[in-house]
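To be precise, the following lines are protein_1.tsv, and they hold TSV, C-alpha atoms.
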```tsv
chain	number	residue	atom	x	y	z
A	935	MET	CA	105.40	123.80	19.64
A	936	GLN	CA	107.67	121.62	17.55
A	937	MET	CA	111.46	121.61	17.35
A	938	LEU	CA	112.60	121.27	13.78
A	939	ARG	CA	116.11	120.61	12.53
A	940	ARG	CA	116.57	124.22	11.58
A	941	GLY	CA	114.00	126.15	13.57
A	942	ILE	CA	110.97	126.16	15.79
A	943	THR	CA	107.33	126.20	14.78
A	944	VAL	CA	105.06	127.79	17.36
A	945	LYS	CA	101.62	126.26	17.04
A	946	ALA	CA	99.45	127.06	20.00
A	947	SER	CA	95.93	125.73	19.62
A	948	TYR	CA	94.68	127.03	22.93
A	949	GLY	CA	94.99	130.30	24.74
A	950	ASN	CA	96.82	133.33	23.46
A	951	GLN	CA	99.02	132.12	20.60
A	952	LYS	CA	100.84	135.41	20.33
A	953	SER	CA	101.93	135.24	23.98
A	954	TRP	CA	103.54	131.89	23.22
A	955	LEU	CA	105.27	133.41	20.24
A	956	VAL	CA	106.72	136.25	22.33
A	957	GLN	CA	108.04	133.78	24.91
A	958	VAL	CA	109.67	131.49	22.33
A	959	VAL	CA	111.25	134.36	20.39
A	960	GLY	CA	112.67	135.70	23.64
A	961	ALA	CA	114.01	132.30	24.66
A	962	VAL	CA	115.83	131.48	21.40
A	963	LYS	CA	117.36	134.96	21.11
A	964	GLY	CA	117.71	134.74	17.33
A	965	LYS	CA	119.71	131.50	17.36
A	966	VAL	CA	117.11	129.64	15.28
A	967	PRO	CA	114.27	130.83	13.08
A	968	VAL	CA	110.80	130.88	14.63
A	969	LEU	CA	107.77	130.15	12.44
A	970	PHE	CA	104.24	130.91	13.57
A	971	ASP	CA	101.38	128.53	12.82
A	972	GLY	CA	97.93	129.23	14.10
A	973	GLY	CA	95.33	131.92	13.77
A	974	ILE	CA	96.57	133.46	10.52
A	975	ARG	CA	93.42	134.61	8.76
A	976	GLY	CA	94.53	137.87	7.17
A	977	GLY	CA	97.46	140.13	6.38
A	978	THR	CA	97.10	141.91	9.72
A	979	ASP	CA	97.74	138.58	11.47
A	980	VAL	CA	100.86	138.09	9.35
A	981	PHE	CA	102.03	141.60	10.31
A	982	LYS	CA	101.46	140.95	14.02
A	983	ALA	CA	103.35	137.65	13.95
A	984	LEU	CA	106.30	139.23	12.14
A	985	ALA	CA	106.30	142.17	14.56
A	986	LEU	CA	106.38	139.75	17.50
A	987	GLY	CA	109.50	138.12	16.09
A	988	ALA	CA	108.39	135.30	13.79
A	989	GLN	CA	110.53	134.92	10.67
A	990	ALA	CA	107.64	133.36	8.74
A	991	VAL	CA	104.02	132.28	9.11
A	992	LEU	CA	102.25	129.12	7.99
A	993	ILE	CA	98.89	129.59	6.27
A	994	GLY	CA	97.44	126.09	6.09
A	995	ARG	CA	93.76	126.74	6.80
A	996	PRO	CA	93.27	129.75	4.49
A	997	ALA	CA	95.06	127.88	1.69
A	998	VAL	CA	92.88	124.80	2.20
A	999	TYR	CA	89.73	126.95	2.13
A	1000	GLY	CA	90.89	128.52	-1.14
A	1001	LEU	CA	91.66	125.08	-2.57
A	1002	ALA	CA	88.23	123.76	-1.58
A	1003	ALA	CA	86.46	126.77	-3.07
A	1004	LYS	CA	88.31	127.30	-6.34
A	1005	GLY	CA	91.15	124.80	-6.66
A	1006	GLU	CA	94.59	126.11	-7.62
A	1007	TYR	CA	93.15	129.53	-8.48
A	1008	GLY	CA	91.62	129.73	-5.00
A	1009	VAL	CA	94.98	129.09	-3.31
A	1010	LYS	CA	96.66	131.72	-5.49
A	1011	ARG	CA	93.88	134.18	-4.67
A	1012	VAL	CA	94.20	133.55	-0.92
A	1013	ILE	CA	97.94	134.25	-1.11
A	1014	GLU	CA	97.31	137.42	-3.13
A	1015	MET	CA	94.75	138.61	-0.59
A	1016	LEU	CA	97.10	137.95	2.33
A	1017	ARG	CA	99.91	139.78	0.54
A	1018	ASP	CA	97.69	142.75	-0.36
A	1019	GLU	CA	96.39	143.12	3.20
A	1020	LEU	CA	99.92	142.77	4.61
A	1021	GLU	CA	101.19	145.47	2.24
A	1022	LEU	CA	98.32	147.79	3.23
A	1023	THR	CA	98.98	147.19	6.93
A	1024	MET	CA	102.68	147.87	6.39
A	1025	ALA	CA	101.93	151.12	4.56
A	1026	LEU	CA	99.53	152.29	7.27
A	1027	SER	CA	102.17	151.45	9.89
A	1028	GLY	CA	104.96	153.28	8.07
A	1029	CYS	CA	106.88	150.14	7.12
A	1030	PRO	CA	108.19	150.30	3.54
A	1031	THR	CA	109.76	146.82	3.75
A	1032	LEU	CA	109.39	143.67	5.85
A	1033	ASN	CA	112.65	144.58	7.61
A	1034	HIS	CA	110.98	147.71	9.01
A	1035	ILE	CA	108.35	145.71	10.91
A	1036	SER	CA	109.41	145.67	14.54
A	1037	ARG	CA	108.22	144.86	18.03
A	1038	LYS	CA	107.23	148.51	18.57
A	1039	HIS	CA	104.33	148.06	16.13
A	1040	VAL	CA	102.29	145.75	18.38
A	1041	ARG	CA	101.33	145.28	22.00
A	1042	THR	CA	100.26	142.06	23.59
A	1043	LYS	CA	97.30	141.77	25.93
A	1044	HIS	CA	99.62	142.10	28.93
A	1045	GLU	CA	101.31	145.23	27.60
A	1046	ARG	CA	98.21	147.31	27.01
A	1047	PRO	CA	97.75	150.34	29.23
A	1048	ARG	CA	95.03	149.86	31.81
A	1049	SER	CA	92.72	152.50	33.11
A	1050	MET	CA	93.12	153.51	36.74
A	1051	LEU	CA	89.43	154.46	36.91
```
Just dump the structure as structure tokens.
Amino acid sequence: MQMLRRGITVKASYGNQKSWLVQVVGAVKGKVPVLFDGGIRGGTDVFKALALGAQAVLIGRPAVYGLAAKGEYGVKRVIEMLRDELELTMALSGCPTLNHISRKHVRTKHERPRSML
């Protein structure tokens, strides 16, 4: 986790990154923007991070893979693919805009119902 001049970047390399995100978002209570960096591989990951309270996500590794594979076109294609998958996930979740994505759309590992059997 890094404190920036105007926000916080949550970058958890070990363990459950999304649990860290939930804790940081809860601690800052909207006073500063929270960015999520780590584990973003698809649009569903972007959706989850936004639902858990991140204002933005960082997509370094996918962009680097696109750059290595196809140069500038590869980076553009990676961004298009992330956007398309995010839009599909939003549609399937009933979210017409980014502002409609909320905490009710995801559960963390600790919030999942457990069987009593």
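Going from atom CA of A:Ala961 to atom CA of A:Glu1045 covers 18.4 Å.
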Skip stretch 972-986 of chain A itself and residues of its chain fewer than 4 positions away, then list as a VMD selection string all residues within 6 Å of it, counting only C-alpha atoms.
-> chain A and resid 945 956 1016 1019 to 1020 1035 to 1037
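The interatomic distance for the pair atom CA of A:Val959 and atom CA of A:Gln989 works out to 9.8 Å.
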Proximity to A:Gln957 - best of A:Val1012, A:Gly941, A:Gly994, A:Gly987, all atoms listed in the file = A:Gly987
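Within 9 Å of the file-frame point (105.6, 128.3, 14.4), and using all atoms listed in the file, the polymer residues found are A:Met935, A:Gln936, A:Gly941, A:Ile942, A:Thr943, A:Val944, A:Lys945, A:Ala946, A:Leu955, A:Val968, A:Leu969, A:Phe970, A:Asp971, A:Gly972, A:Ala988, A:Ala990, A:Val991, A:Leu992.
Between atom CA of A:Val1040 and atom CA of A:Ser1027 lies a distance of 10.2 Å.
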